[in-house]
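J.: Sharing entry32.cif (mmCIF, C-alpha atoms) below.
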data_input
#
loop_
_atom_site.label_atom_id
_atom_site.label_comp_id
_atom_site.auth_asym_id
_atom_site.auth_seq_id
_atom_site.Cartn_x
_atom_site.Cartn_y
_atom_site.Cartn_z
CA MET A 911 -74.63 10.97 21.26
CA HIS A 912 -74.10 10.31 17.57
CA LEU A 913 -74.91 13.92 16.79
CA ASP A 914 -71.99 14.43 14.49
CA HIS A 915 -71.29 11.78 11.90
CA SER A 916 -68.68 13.72 9.99
CA HIS A 917 -64.98 12.99 10.43
CA HIS A 918 -64.07 16.62 10.85
CA GLY A 919 -62.81 17.74 14.20
CA PRO A 920 -59.62 18.19 16.16
CA THR A 921 -57.70 15.53 14.23
CA THR A 922 -58.21 13.93 10.88
CA VAL A 923 -58.83 10.23 10.64
CA SER A 924 -56.60 7.93 8.65
CA ALA A 925 -55.85 8.87 5.07
CA ASP A 926 -57.91 12.07 4.74
CA ALA A 927 -56.15 14.15 2.11
CA HIS A 928 -56.70 17.39 4.01
CA ARG A 929 -55.49 18.62 7.38
CA PRO A 930 -57.95 19.98 9.98
CA ASP A 931 -57.30 23.54 8.74
CA GLY A 932 -58.36 22.52 5.21
CA SER A 933 -54.89 22.60 3.64
CA ARG A 934 -53.64 19.63 1.63
CA ARG A 935 -51.43 17.35 3.70
CA ALA A 936 -48.01 16.06 2.65
CA LEU A 937 -47.67 13.08 0.31
CA ARG A 938 -46.77 10.00 2.35
CA ILE A 939 -44.53 7.34 0.83
CA GLY A 940 -43.75 4.09 2.66
CA LEU A 941 -40.49 2.15 2.28
CA GLY A 942 -40.52 -1.52 3.29
CA GLY A 943 -38.52 -4.65 2.63
CA PRO A 944 -36.34 -7.32 4.23
CA VAL A 945 -33.65 -6.63 6.85
CA GLY A 946 -30.46 -5.18 5.41
CA SER A 947 -31.77 -4.49 1.90
CA GLY A 948 -30.85 -0.79 2.11
CA LYS A 949 -34.06 0.96 3.15
CA THR A 950 -32.39 3.40 5.52
CA ALA A 951 -29.56 4.07 3.05
CA THR A 952 -32.17 4.78 0.35
CA VAL A 953 -34.07 7.12 2.68
CA ALA A 954 -30.83 8.94 3.54
CA ALA A 955 -29.92 9.29 -0.15
CA LEU A 956 -33.43 10.54 -1.00
CA CYS A 957 -33.23 13.14 1.78
CA ARG A 958 -29.87 14.41 0.50
CA MET A 959 -31.16 14.63 -3.07
CA LEU A 960 -34.57 16.17 -2.33
CA ARG A 961 -34.08 18.33 0.77
CA ASP A 962 -33.17 21.49 -1.14
CA GLU A 963 -36.18 21.33 -3.46
CA LEU A 964 -38.83 19.93 -1.05
CA SER A 965 -39.91 20.30 2.57
CA LEU A 966 -39.67 16.74 3.86
CA ALA A 967 -39.62 14.61 7.02
CA VAL A 968 -39.04 10.96 7.96
CA VAL A 969 -40.78 8.50 10.30
CA THR A 970 -38.85 5.32 11.16
CA ASN A 971 -40.33 2.11 12.58
CA ASP A 972 -37.52 0.26 14.30
CA ILE A 973 -37.93 -3.24 15.64
CA TYR A 974 -36.29 -2.82 19.03
CA THR A 975 -33.93 0.15 18.85
CA ARG A 976 -33.86 3.70 17.54
CA GLU A 977 -30.96 2.83 15.28
CA ASP A 978 -32.50 3.78 11.95
CA ALA A 979 -33.53 7.17 13.32
CA GLU A 980 -30.13 7.61 14.92
CA PHE A 981 -28.34 6.73 11.67
CA LEU A 982 -30.32 9.44 9.87
CA LEU A 983 -29.56 11.92 12.65
CA ARG A 984 -25.86 11.05 12.65
CA GLU A 985 -25.67 11.41 8.89
CA ALA A 986 -27.39 14.77 9.35
CA VAL A 987 -29.58 14.18 6.29
CA LEU A 988 -32.32 16.26 7.94
CA PRO A 989 -32.55 18.42 11.07
CA PRO A 990 -33.61 16.39 14.16
CA GLU A 991 -37.07 17.95 14.34
CA ARG A 992 -37.86 16.34 10.96
CA ILE A 993 -37.12 12.75 12.07
CA THR A 994 -39.40 10.72 14.38
CA ALA A 995 -38.98 7.12 15.56
CA VAL A 996 -42.11 5.05 16.23
CA GLU A 997 -41.77 2.12 18.65
CA THR A 998 -43.43 -0.99 17.23
CA GLY A 999 -43.55 -3.55 20.06
CA ALA A 1000 -41.34 -5.93 18.05
CA CYS A 1001 -43.72 -5.94 15.08
CA PRO A 1002 -43.10 -3.32 12.36
CA HIS A 1003 -45.69 -4.95 10.09
CA THR A 1004 -48.35 -4.40 12.76
CA ALA A 1005 -47.43 -0.73 13.09
CA ILE A 1006 -47.45 -0.06 9.34
CA ARG A 1007 -50.41 -2.22 8.34
CA ASP A 1008 -52.73 -3.57 11.07
CA ASP A 1009 -52.62 -0.83 13.71
CA ILE A 1010 -51.36 2.37 12.14
CA SER A 1011 -52.40 4.81 14.88
CA ALA A 1012 -48.88 5.53 16.22
CA ASN A 1013 -47.58 6.19 12.71
CA LEU A 1014 -50.50 8.49 11.85
CA GLU A 1015 -49.76 10.46 14.99
CA ALA A 1016 -46.07 10.72 14.14
CA VAL A 1017 -46.87 11.96 10.64
CA GLU A 1018 -49.39 14.51 11.89
CA ASP A 1019 -47.11 15.75 14.66
CA LEU A 1020 -44.30 16.26 12.13
CA GLU A 1021 -46.64 18.33 9.96
CA ASP A 1022 -47.71 20.37 12.98
CA MET A 1023 -44.20 20.96 14.33
CA ALA A 1024 -42.02 21.10 11.20
CA GLY A 1025 -44.63 21.86 8.55
CA PRO A 1026 -45.80 22.71 6.07
CA LEU A 1027 -44.36 19.59 4.46
CA ASP A 1028 -44.46 18.36 0.87
CA LEU A 1029 -43.37 14.80 1.57
CA VAL A 1030 -43.15 12.37 4.49
CA LEU A 1031 -41.13 9.17 4.06
CA VAL A 1032 -42.35 6.37 6.38
CA GLU A 1033 -39.72 3.67 6.73
CA SER A 1034 -40.59 0.23 8.05
CA GLY A 1035 -38.17 -1.79 10.13
CA GLY A 1036 -36.80 -4.78 8.19
CA ASP A 1037 -39.52 -7.39 7.95
CA ASN A 1038 -40.67 -10.26 5.78
CA LEU A 1039 -41.85 -10.38 2.17
CA THR A 1040 -45.52 -10.03 3.15
CA ALA A 1041 -45.12 -6.71 5.02
CA THR A 1042 -46.94 -3.94 3.18
CA PHE A 1043 -48.19 -0.53 4.28
CA SER A 1044 -51.85 0.21 4.96
CA LYS A 1045 -53.54 2.52 2.45
CA GLY A 1046 -54.75 4.39 5.55
CA LEU A 1047 -51.15 5.37 6.30
CA VAL A 1048 -49.35 5.95 2.99
CA ASP A 1049 -50.33 7.09 -0.51
CA ALA A 1050 -47.71 4.98 -2.26
CA GLN A 1051 -45.13 2.41 -1.23
CA ILE A 1052 -41.66 1.35 -2.27
CA PHE A 1053 -40.44 -2.19 -1.61
CA VAL A 1054 -36.66 -2.48 -1.35
CA ILE A 1055 -34.90 -5.82 -1.92
CA ASP A 1056 -31.24 -6.39 -2.74
CA VAL A 1057 -29.33 -8.69 -5.06
CA ALA A 1058 -27.45 -10.30 -2.15
CA GLY A 1059 -30.69 -11.51 -0.54
CA GLY A 1060 -31.05 -14.08 -3.34
CA ASP A 1061 -31.95 -13.48 -6.97
CA ASP A 1062 -35.04 -15.70 -6.61
CA ILE A 1063 -36.94 -13.17 -4.46
CA PRO A 1064 -38.73 -11.53 -7.45
CA ARG A 1065 -39.74 -15.00 -8.69
CA LYS A 1066 -41.13 -15.97 -5.25
CA GLY A 1067 -43.27 -12.83 -5.22
CA GLY A 1068 -45.37 -12.03 -2.14
CA PRO A 1069 -47.39 -8.88 -1.46
CA GLY A 1070 -44.35 -6.59 -1.18
CA VAL A 1071 -42.73 -7.62 -4.46
CA THR A 1072 -45.99 -8.02 -6.35
CA THR A 1073 -48.06 -5.01 -5.26
CA ALA A 1074 -45.65 -2.22 -4.21
CA ASP A 1075 -45.99 0.89 -6.37
CA LEU A 1076 -42.22 0.78 -6.96
CA LEU A 1077 -39.89 -2.20 -6.56
CA VAL A 1078 -36.25 -1.28 -5.93
CA VAL A 1079 -33.57 -3.92 -6.48
CA ASN A 1080 -30.65 -2.51 -4.52
CA LYS A 1081 -26.88 -3.15 -4.38
CA THR A 1082 -26.59 -4.07 -8.08
CA ASP A 1083 -22.81 -3.46 -7.74
CA LEU A 1084 -22.65 -6.67 -5.66
CA ALA A 1085 -24.34 -8.89 -8.27
CA PRO A 1086 -21.12 -10.35 -9.76
CA TYR A 1087 -19.80 -11.20 -6.28
CA VAL A 1088 -22.91 -13.03 -5.04
CA GLY A 1089 -23.78 -14.75 -8.31
CA SER A 1090 -27.05 -12.89 -8.82
CA ASP A 1091 -28.46 -12.75 -12.34
CA LEU A 1092 -29.88 -9.21 -12.82
CA ALA A 1093 -31.54 -10.06 -16.15
CA ARG A 1094 -33.35 -12.96 -14.54
CA MET A 1095 -34.42 -10.75 -11.60
CA ALA A 1096 -35.77 -8.18 -14.06
CA ALA A 1097 -37.70 -10.80 -16.06
CA ASP A 1098 -39.16 -12.37 -12.90
CA ALA A 1099 -40.16 -8.94 -11.55
CA LYS A 1100 -41.84 -8.11 -14.85
CA ALA A 1101 -43.77 -11.39 -14.72
CA GLN A 1102 -44.94 -10.70 -11.14
CA ARG A 1103 -45.68 -6.99 -11.54
CA ALA A 1104 -46.84 -6.50 -15.12
CA GLU A 1105 -46.76 -2.72 -15.71
CA LEU A 1106 -45.66 -1.67 -12.20
CA PRO A 1107 -42.19 -0.07 -12.30
CA VAL A 1108 -38.91 -1.60 -11.09
CA VAL A 1109 -35.66 0.30 -10.44
CA PHE A 1110 -32.25 -1.38 -10.26
CA GLN A 1111 -29.89 0.80 -8.24
CA SER A 1112 -26.49 0.93 -6.63
CA LEU A 1113 -26.10 3.74 -4.13
CA ARG A 1114 -22.34 3.50 -4.73
CA SER A 1115 -22.71 4.43 -8.38
CA GLU A 1116 -22.79 7.98 -9.65
CA ALA A 1117 -26.52 7.88 -10.43
CA GLY A 1118 -27.21 6.62 -6.90
CA VAL A 1119 -30.82 7.19 -5.88
CA ALA A 1120 -31.66 9.36 -8.94
CA ASP A 1121 -34.23 6.97 -10.49
CA VAL A 1122 -36.12 6.57 -7.21
CA ALA A 1123 -36.01 10.33 -6.63
CA ALA A 1124 -37.46 10.89 -10.12
CA TRP A 1125 -40.29 8.46 -9.32
CA VAL A 1126 -40.96 10.30 -6.04
CA ARG A 1127 -41.08 13.63 -7.90
CA SER A 1128 -43.60 12.28 -10.39
CA ARG A 1129 -45.82 10.94 -7.56
CA LEU A 1130 -45.61 14.33 -5.88
CA ALA A 1131 -46.58 16.09 -9.11
CA GLU A 1132 -49.68 13.85 -9.31
CA TRP A 1133 -50.48 14.49 -5.63
CA THR A 1134 -50.35 18.26 -5.90
CA ALA A 1135 -52.00 18.46 -9.34
CA MET B 199 -77.41 -1.64 22.56
CA SER B 200 -75.52 -4.32 20.68
CA ARG B 201 -73.71 -6.94 22.78
CA ALA B 202 -71.38 -7.56 19.87
CA ALA B 203 -70.13 -3.95 20.09
CA LEU B 204 -68.41 -5.05 23.31
CA LEU B 205 -66.50 -7.70 21.37
CA VAL B 206 -65.38 -5.09 18.83
CA LEU B 207 -64.11 -2.75 21.56
CA ALA B 208 -62.47 -5.51 23.63
CA ASP B 209 -60.83 -7.25 20.65
CA GLY B 210 -57.06 -7.31 21.04
CA ARG B 211 -56.84 -6.44 17.34
CA PHE B 212 -58.83 -3.22 17.78
CA PRO B 213 -56.33 -0.84 16.15
CA ALA B 214 -55.61 1.47 19.07
CA GLY B 215 -51.86 1.05 19.54
CA GLY B 216 -51.84 -1.45 22.42
CA HIS B 217 -49.59 -3.90 20.58
CA ALA B 218 -46.53 -1.70 21.16
CA HIS B 219 -46.93 -1.70 24.97
CA SER B 220 -46.19 -4.45 27.48
CA GLY B 221 -47.99 -3.05 30.54
CA GLY B 222 -44.78 -3.23 32.55
CA ALA B 223 -44.03 -6.83 31.57
CA GLU B 224 -40.80 -5.98 29.72
CA ALA B 225 -39.30 -4.29 32.78
CA ALA B 226 -40.50 -7.15 35.02
CA VAL B 227 -39.01 -9.78 32.71
CA LYS B 228 -35.65 -7.99 32.69
CA ALA B 229 -35.71 -7.71 36.50
CA GLY B 230 -36.45 -11.45 36.77
CA ARG B 231 -39.89 -10.92 38.27
CA ILE B 232 -41.56 -12.67 35.31
CA SER B 233 -39.79 -15.84 34.20
CA GLY B 234 -42.62 -18.22 33.32
CA ALA B 235 -46.35 -18.86 33.53
CA ALA B 236 -46.56 -18.85 37.35
CA SER B 237 -44.77 -15.55 37.80
CA LEU B 238 -46.71 -14.06 34.87
CA GLU B 239 -49.90 -14.95 36.74
CA ALA B 240 -48.62 -13.32 39.93
CA PHE B 241 -47.61 -10.20 38.01
CA CYS B 242 -50.99 -9.98 36.25
CA ARG B 243 -52.87 -10.52 39.51
CA GLY B 244 -50.99 -7.63 41.10
CA ARG B 245 -51.57 -5.38 38.10
CA LEU B 246 -55.27 -6.28 37.92
CA HIS B 247 -55.97 -5.33 41.54
CA THR B 248 -54.00 -2.07 41.38
CA ALA B 249 -53.59 -0.36 37.99
CA GLY B 250 -56.40 -2.52 36.53
CA LEU B 251 -58.89 -1.55 39.23
CA VAL B 252 -57.99 2.14 38.89
CA ALA B 253 -58.37 1.99 35.10
CA ALA B 254 -61.68 0.13 35.37
CA GLY B 255 -63.03 2.73 37.81
CA LEU B 256 -62.05 5.61 35.53
CA ALA B 257 -63.50 3.88 32.47
CA ALA B 258 -66.78 3.10 34.20
CA ALA B 259 -67.01 6.68 35.49
CA ALA B 260 -66.44 8.08 31.99
CA ALA B 261 -69.07 5.71 30.62
CA LEU B 262 -71.51 7.04 33.23
CA GLY B 263 -70.99 10.55 31.89
CA ILE B 264 -68.76 12.05 34.60
CA ASP B 265 -66.78 15.06 33.31
CA PRO B 266 -63.75 13.64 31.43
CA VAL B 267 -61.57 16.63 32.35
CA ALA B 268 -62.08 15.88 36.05
CA LEU B 269 -61.48 12.19 35.40
CA ASP B 270 -58.28 12.92 33.51
CA ARG B 271 -57.03 14.91 36.51
CA ALA B 272 -58.01 11.99 38.77
CA ALA B 273 -56.00 9.67 36.49
CA ASP B 274 -52.95 11.93 36.73
CA ALA B 275 -53.26 11.94 40.52
CA ARG B 276 -53.30 8.12 40.49
CA THR B 277 -50.27 7.83 38.15
CA PRO B 278 -47.11 9.09 39.88
CA SER B 279 -44.69 7.98 37.13
CA PRO B 280 -44.27 10.58 34.37
CA ALA B 281 -43.37 7.77 31.93
CA LEU B 282 -46.67 6.02 32.65
CA ARG B 283 -48.59 9.28 32.24
CA VAL B 284 -46.97 9.74 28.83
CA ALA B 285 -47.81 6.15 27.84
CA ALA B 286 -51.41 6.48 29.06
CA ARG B 287 -51.94 9.70 27.09
CA LYS B 288 -50.34 8.25 23.95
CA LEU B 289 -52.61 5.23 24.16
CA GLY B 290 -55.57 7.49 24.89
CA ARG B 291 -54.88 9.54 21.78
CA GLN B 292 -54.57 6.43 19.64
CA LEU B 293 -57.74 4.91 21.09
CA LEU B 294 -59.59 8.17 20.48
CA ARG B 295 -58.61 8.10 16.81
CA ALA B 296 -59.77 4.50 16.40
CA ALA B 297 -62.99 5.10 18.36
CA ARG B 298 -63.88 8.28 16.43
CA ALA B 299 -63.45 6.42 13.15
CA THR B 300 -65.45 3.43 14.43
CA TRP B 301 -68.26 5.12 16.40
CA PRO B 302 -68.45 8.78 15.37
CA SER B 303 -69.77 10.84 18.27
CA ALA B 304 -69.89 14.49 19.31
CA GLU B 305 -68.60 13.56 22.77
CA LEU B 306 -65.49 11.93 21.33
CA ASP B 307 -64.91 14.93 19.04
CA ALA B 308 -65.19 17.24 22.07
CA LEU B 309 -62.71 15.09 24.00
CA GLY B 310 -60.25 15.39 21.11
CA ARG B 311 -60.60 19.18 21.14
CA GLU B 312 -60.05 19.26 24.91
CA PHE B 313 -57.02 16.93 24.77
CA PRO B 314 -55.30 17.26 21.37
CA LYS B 315 -52.28 15.29 22.66
CA GLY B 316 -54.40 12.68 24.37
CA ALA B 317 -56.36 12.06 27.57
CA HIS B 318 -55.62 9.09 29.84
CA GLN B 319 -56.55 5.88 28.01
CA PRO B 320 -59.16 4.60 30.53
CA VAL B 321 -61.08 7.89 30.28
CA VAL B 322 -61.14 7.61 26.50
CA LEU B 323 -62.13 3.96 26.81
CA GLY B 324 -65.16 4.88 28.90
CA LEU B 325 -66.30 7.49 26.39
CA ALA B 326 -65.63 5.08 23.51
CA ALA B 327 -67.89 2.55 25.25
CA ARG B 328 -70.60 5.24 25.52
CA ALA B 329 -70.22 6.06 21.83
CA ALA B 330 -70.54 2.35 21.02
CA GLY B 331 -73.81 2.24 22.96
CA LEU B 332 -72.23 0.27 25.81
CA GLY B 333 -72.48 0.88 29.55
CA PRO B 334 -70.20 1.29 32.59
CA VAL B 335 -70.01 -2.44 33.27
CA ASP B 336 -68.72 -3.05 29.72
CA ALA B 337 -66.17 -0.25 30.02
CA ALA B 338 -64.94 -1.59 33.36
CA TYR B 339 -64.59 -5.10 31.93
CA CYS B 340 -62.59 -3.83 28.94
CA ALA B 341 -60.19 -1.90 31.19
CA ALA B 342 -59.78 -4.69 33.73
CA TYR B 343 -59.22 -7.34 31.06
CA GLU B 344 -56.77 -5.16 29.13
CA SER B 345 -54.74 -4.69 32.31
CA VAL B 346 -53.85 -8.40 32.20
CA SER B 347 -54.17 -9.34 28.52
CA GLY B 348 -51.56 -6.76 27.48
CA PRO B 349 -48.76 -8.11 29.72
CA ALA B 350 -49.73 -11.70 28.90
CA SER B 351 -49.40 -11.29 25.13
CA ALA B 352 -46.21 -9.22 25.54
CA THR B 353 -44.69 -12.00 27.65
CA VAL B 354 -45.37 -14.51 24.88
CA ARG B 355 -43.08 -12.39 22.70
CA LEU B 356 -40.53 -11.54 25.41
CA LEU B 357 -39.96 -15.04 26.82
CA SER B 358 -41.21 -17.16 23.90
CA LEU B 359 -43.68 -18.37 26.51
CA ASP B 360 -46.09 -21.08 25.32
CA PRO B 361 -49.14 -19.08 24.16
CA PHE B 362 -51.47 -21.71 25.65
CA ASP B 363 -49.88 -21.13 29.07
CA ALA B 364 -50.43 -17.37 28.72
CA THR B 365 -54.06 -17.86 27.75
CA ARG B 366 -54.60 -20.24 30.67
CA VAL B 367 -53.30 -17.52 33.01
CA LEU B 368 -55.97 -15.17 31.66
CA ALA B 369 -58.69 -17.79 32.08
CA ARG B 370 -57.63 -18.45 35.68
CA LEU B 371 -57.80 -14.71 36.43
CA ALA B 372 -61.29 -14.37 34.92
CA PRO B 373 -63.23 -14.62 38.23
CA GLU B 374 -60.99 -11.91 39.68
CA VAL B 375 -61.58 -9.72 36.60
CA ASP B 376 -65.31 -10.08 37.38
CA ARG B 377 -64.81 -8.89 40.95
CA VAL B 378 -62.57 -5.98 39.91
CA ALA B 379 -65.12 -4.85 37.32
CA ASP B 380 -67.91 -5.03 39.94
CA ARG B 381 -65.91 -2.98 42.46
CA ALA B 382 -64.99 -0.45 39.79
CA VAL B 383 -68.60 0.07 38.70
CA GLU B 384 -69.78 0.39 42.28
CA ALA B 385 -67.17 3.08 42.96
CA ALA B 386 -67.98 4.84 39.68
CA ARG B 387 -71.67 5.05 40.65
CA GLU B 388 -70.61 6.58 43.97
CA ALA B 389 -68.41 9.05 42.07
CA VAL B 390 -71.48 10.35 40.20
CA THR B 391 -72.62 12.00 43.43
CA GLU B 392 -69.39 12.09 45.48
CA GLY B 393 -66.97 13.15 42.74
CA PRO B 394 -63.88 11.38 41.35
CA ASP B 395 -62.29 11.06 44.81
CA ALA B 396 -64.61 8.10 45.34
CA LEU B 397 -62.80 6.18 42.58
CA PRO B 398 -60.25 3.45 43.45
CA ALA B 399 -56.69 4.70 43.97
CA GLY B 400 -54.68 1.50 44.39
CA SER B 401 -51.10 1.71 43.25
CA ALA B 402 -48.27 -0.68 42.43
CA PRO B 403 -44.96 1.02 43.25
CA LEU B 404 -42.89 -1.54 41.33
CA LEU B 405 -44.90 -0.87 38.16
CA GLU B 406 -44.24 2.84 38.55
CA ILE B 407 -40.53 2.39 39.30
CA GLY B 408 -40.12 -0.21 36.54
CA ALA B 409 -41.77 2.12 34.01
CA GLU B 410 -39.35 4.94 34.87
CA ALA B 411 -36.32 2.66 34.46
CA HIS B 412 -37.71 1.13 31.24
CA ALA B 413 -38.23 4.56 29.65
CA GLY B 414 -34.48 5.14 29.91
CA TRP B 415 -33.36 1.90 28.26
CA PRO B 416 -31.56 2.44 24.93
CA VAL B 417 -32.77 -0.90 23.54
CA ARG B 418 -36.24 -2.31 24.17
CA LEU B 419 -38.99 -4.17 22.35
CA PHE B 420 -41.97 -2.29 23.79
CA ALA B 421 -42.77 1.40 24.23
CA SER B 422 -43.79 0.83 27.88
#
As structure tokens - that is how I would like this structure written.
T.:
Amino acid sequence: MHLDHSHHGPTTVSADAHRPDGSRRALRIGLGGPVGSGKTATVAALCRMLRDELSLAVVTNDIYTREDAEFLLREAVLPPERITAVETGACPHTAIRDDISANLEAVEDLEDMAGPLDLVLVESGGDNLTATFSKGLVDAQIFVIDVAGGDDIPRKGGPGVTTADLLVVNKTDLAPYVGSDLARMAADAKAQRAELPVVFQSLRSEAGVADVAAWVRSRLAEWTA
Amino acid sequence: MSRAALLVLADGRFPAGGHAHSGGAEAAVKAGRISGAASLEAFCRGRLHTAGLVAAGLAAAAALGIDPVALDRAADARTPSPALRVAARKLGRQLLRAARATWPSAELDALGREFPKGAHQPVVLGLAARAAGLGPVDAAYCAAYESVSGPASATVRLLSLDPFDATRVLARLAPEVDRVADRAVEAAREAVTEGPDALPAGSAPLLEIGAEAHAGWPVRLFAS
């Protein structure tokens, strides 16, 4: 026993940047955030915007249904073989942070079956403000909140708001109707996140998901450089 | 050998995918067979002496160095439900990943090459125990204990059962876990000379039937 201490073999372990055949694996970006903030809608919009320029796939982590995966299938944002649903035993934060094995398998199986891929989006089921992705699973993460969830969320902070590589404040079109102060949200986010970027978006506007897509493209350019 | 390695392998937080599975508890809760601490204990006792004993025997046999391919076939033969076979292989694949990262070993690498989509979880568990420098008794204990700790923690989530009640159930079953582990190791030692047919083959038809029904549910909390 203990003859081989390398991690090379039939499957890679965790965040290895290369696949068993030596090729570079796809960039993995996680999307997390509270229930109803627009994670799945953002994923769908990203797929529509990027699918003609990139080879991409999606892993969803639903809490107790396959609804997020089924929404993406129904909307036909990607062919079915590029969408996988991971079952999380009622705890998405466990599956994306503490015990990532099922998600790693889903990502690797997608690369095997639908690859080669440039990008895999890993979506968490709606969870709380402390739910972040393990660095063993994703290379970068987006935290999605919305203006209707309360404009004090950026001020309250928490690991998602404070440390995510990109913070998205979604549904800005609703701000006047729910009394949310976008300038205050921006100032609070800046105070919590220093130089880390923040995007304010409304998927109902013409620009839609364009800013987030531009951020994804720049991460991908760094990854493949 | 480090005794503490056993604690690492047996830890419920060992990242090998178990948190997403209820060990049949979700189907039993829905069917009304688990409704509180007493019926949870009855369910766990039944699982321990059937699926738990079988898993412990396979794990001990793998830890003794019996050919994992033969053991995987023996596990298939003892698992009539296709849904349970799928769950066992998924969990085996996830455990293999965690074990290879934790205790790198040529035997685990070879197992991954032989079963790229996963071998039955108890077989992987036995080889993981070997890689961790543990023996057949340790492997049998891990498998037997997991067979009851999984449903118990799932039931805490499914029924909002008092977690102290669930833990008391596990403590009350501890002497029986001892006996199951002993029987499993004894059978595994026999299997070294007699072959895998000497391993326990107890079965729980309701677990098998419940798993098939559960796999078809459109809405569920657990993968199995």
J.: Per residue of chain B within 10 Å of chain A, note the shortest atom pair and the distance in Å to one decimal, counting only C-alpha atoms, and order the rows by chain and increasing residue number, as a Markdown table.
T.:
| residue | atom | partner | partner_atom | distance |
| --- | --- | --- | --- | --- |
| B:Arg211 | CA | A:Asp1009 | CA | 7.9 |
| B:Phe212 | CA | A:Asp1009 | CA | 7.8 |
| B:Pro213 | CA | A:Asp1009 | CA | 4.4 |
| B:Ala214 | CA | A:Ser1011 | CA | 6.2 |
| B:Gly215 | CA | A:Ser1011 | CA | 6.0 |
| B:Gly216 | CA | A:Asp1009 | CA | 8.8 |
| B:His217 | CA | A:Gly999 | CA | 6.1 |
| B:Ala218 | CA | A:Gly999 | CA | 3.7 |
| B:His219 | CA | A:Gly999 | CA | 6.2 |
| B:Ser220 | CA | A:Gly999 | CA | 7.9 |
| B:Lys288 | CA | A:Ala1012 | CA | 8.3 |
| B:Leu289 | CA | A:Ala1012 | CA | 8.8 |
| B:Arg291 | CA | A:Glu1015 | CA | 8.6 |
| B:Gln292 | CA | A:Ser1011 | CA | 5.5 |
| B:Leu293 | CA | A:Ser1011 | CA | 8.2 |
| B:Leu294 | CA | A:Ser1011 | CA | 9.7 |
| B:Arg295 | CA | A:Val923 | CA | 6.5 |
| B:Ala296 | CA | A:Ser1011 | CA | 7.5 |
| B:Arg298 | CA | A:His917 | CA | 7.7 |
| B:Ala299 | CA | A:Val923 | CA | 6.5 |
| B:Trp301 | CA | A:His912 | CA | 7.9 |
| B:Pro302 | CA | A:His915 | CA | 5.4 |
| B:Ser303 | CA | A:His912 | CA | 4.4 |
| B:Ala304 | CA | A:Asp914 | CA | 5.3 |
| B:Glu305 | CA | A:Met911 | CA | 6.7 |
| B:Leu306 | CA | A:Met911 | CA | 9.2 |
| B:Asp307 | CA | A:Gly919 | CA | 6.0 |
| B:Ala308 | CA | A:Pro920 | CA | 8.2 |
| B:Leu309 | CA | A:Pro920 | CA | 9.0 |
| B:Gly310 | CA | A:Pro920 | CA | 5.7 |
| B:Arg311 | CA | A:Pro920 | CA | 5.2 |
| B:Glu312 | CA | A:Pro920 | CA | 8.8 |
| B:Phe313 | CA | A:Pro920 | CA | 9.1 |
| B:Pro314 | CA | A:Pro920 | CA | 6.8 |
| B:Lys315 | CA | A:Glu1015 | CA | 9.4 |
| B:Arg328 | CA | A:Met911 | CA | 8.2 |
| B:Ala329 | CA | A:Met911 | CA | 6.6 |
| B:Ala330 | CA | A:His912 | CA | 9.4 |
| B:Gly331 | CA | A:Met911 | CA | 8.9 |
| B:Ala352 | CA | A:Gly999 | CA | 8.3 |
| B:Arg355 | CA | A:Ala1000 | CA | 8.1 |
| B:Leu356 | CA | A:Ala1000 | CA | 9.3 |
| B:Trp415 | CA | A:Thr975 | CA | 9.6 |
| B:Pro416 | CA | A:Thr975 | CA | 6.9 |
| B:Val417 | CA | A:Thr975 | CA | 4.9 |
| B:Arg418 | CA | A:Tyr974 | CA | 5.2 |
| B:Leu419 | CA | A:Tyr974 | CA | 4.5 |
| B:Phe420 | CA | A:Gly999 | CA | 4.2 |
| B:Ala421 | CA | A:Glu997 | CA | 5.7 |
| B:Ser422 | CA | A:Gly999 | CA | 9.0 |
J.: Go ahead and compute the interatomic distance for atom CA of Ala951 of chain A and atom CA of Asp1056 of chain A, in Å to one decimal.
T.: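 Taking atom CA of Ala951 of chain A and atom CA of Asp1056 of chain A, their separation equals 12.1 Å.
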J.: Measure the distance from atom CA of Glu374 of chain B to atom CA of Ala257 of chain B in Å and round it to one decimal.
T.: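 Between atom CA of Glu374 of chain B and atom CA of Ala257 of chain B the gap is 17.5 Å.
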J.: Report as a ChimeraX atom specification the residues that result from applying the PyMOL selection byres ((chain A and resi 1104) around 12) to the structure here.
T.: /A:1071-1077,1096-1103,1105-1108
J.: Please build the interface table for segment 232-274 of chain B against segment 279-283 of chain B with a cut-off of 12 Å, listing for each qualifying residue the nearest atom pair and the distance in Å to one decimal; count all atoms listed in the file, order rows by chain and increasing number, and write it as JSON lines.
T.:
{"residue": "B:Ala249", "atom": "CA", "partner": "B:Leu282", "partner_atom": "CA", "distance": 10.8}
{"residue": "B:Asp270", "atom": "CA", "partner": "B:Arg283", "partner_atom": "CA", "distance": 10.4}
{"residue": "B:Arg271", "atom": "CA", "partner": "B:Arg283", "partner_atom": "CA", "distance": 11.0}
{"residue": "B:Ala272", "atom": "CA", "partner": "B:Arg283", "partner_atom": "CA", "distance": 11.8}
{"residue": "B:Ala273", "atom": "CA", "partner": "B:Arg283", "partner_atom": "CA", "distance": 8.6}
{"residue": "B:Asp274", "atom": "CA", "partner": "B:Arg283", "partner_atom": "CA", "distance": 6.8}
J.: Quick one: residues within 12 Å of Arg992 of chain A, only C-alpha atoms counted, chain neighbours fewer than 3 positions away excluded, as a ChimeraX atom specification?
T.: /A:957,961,965-970,979,982-983,986-989,995,1016-1027,1029-1032
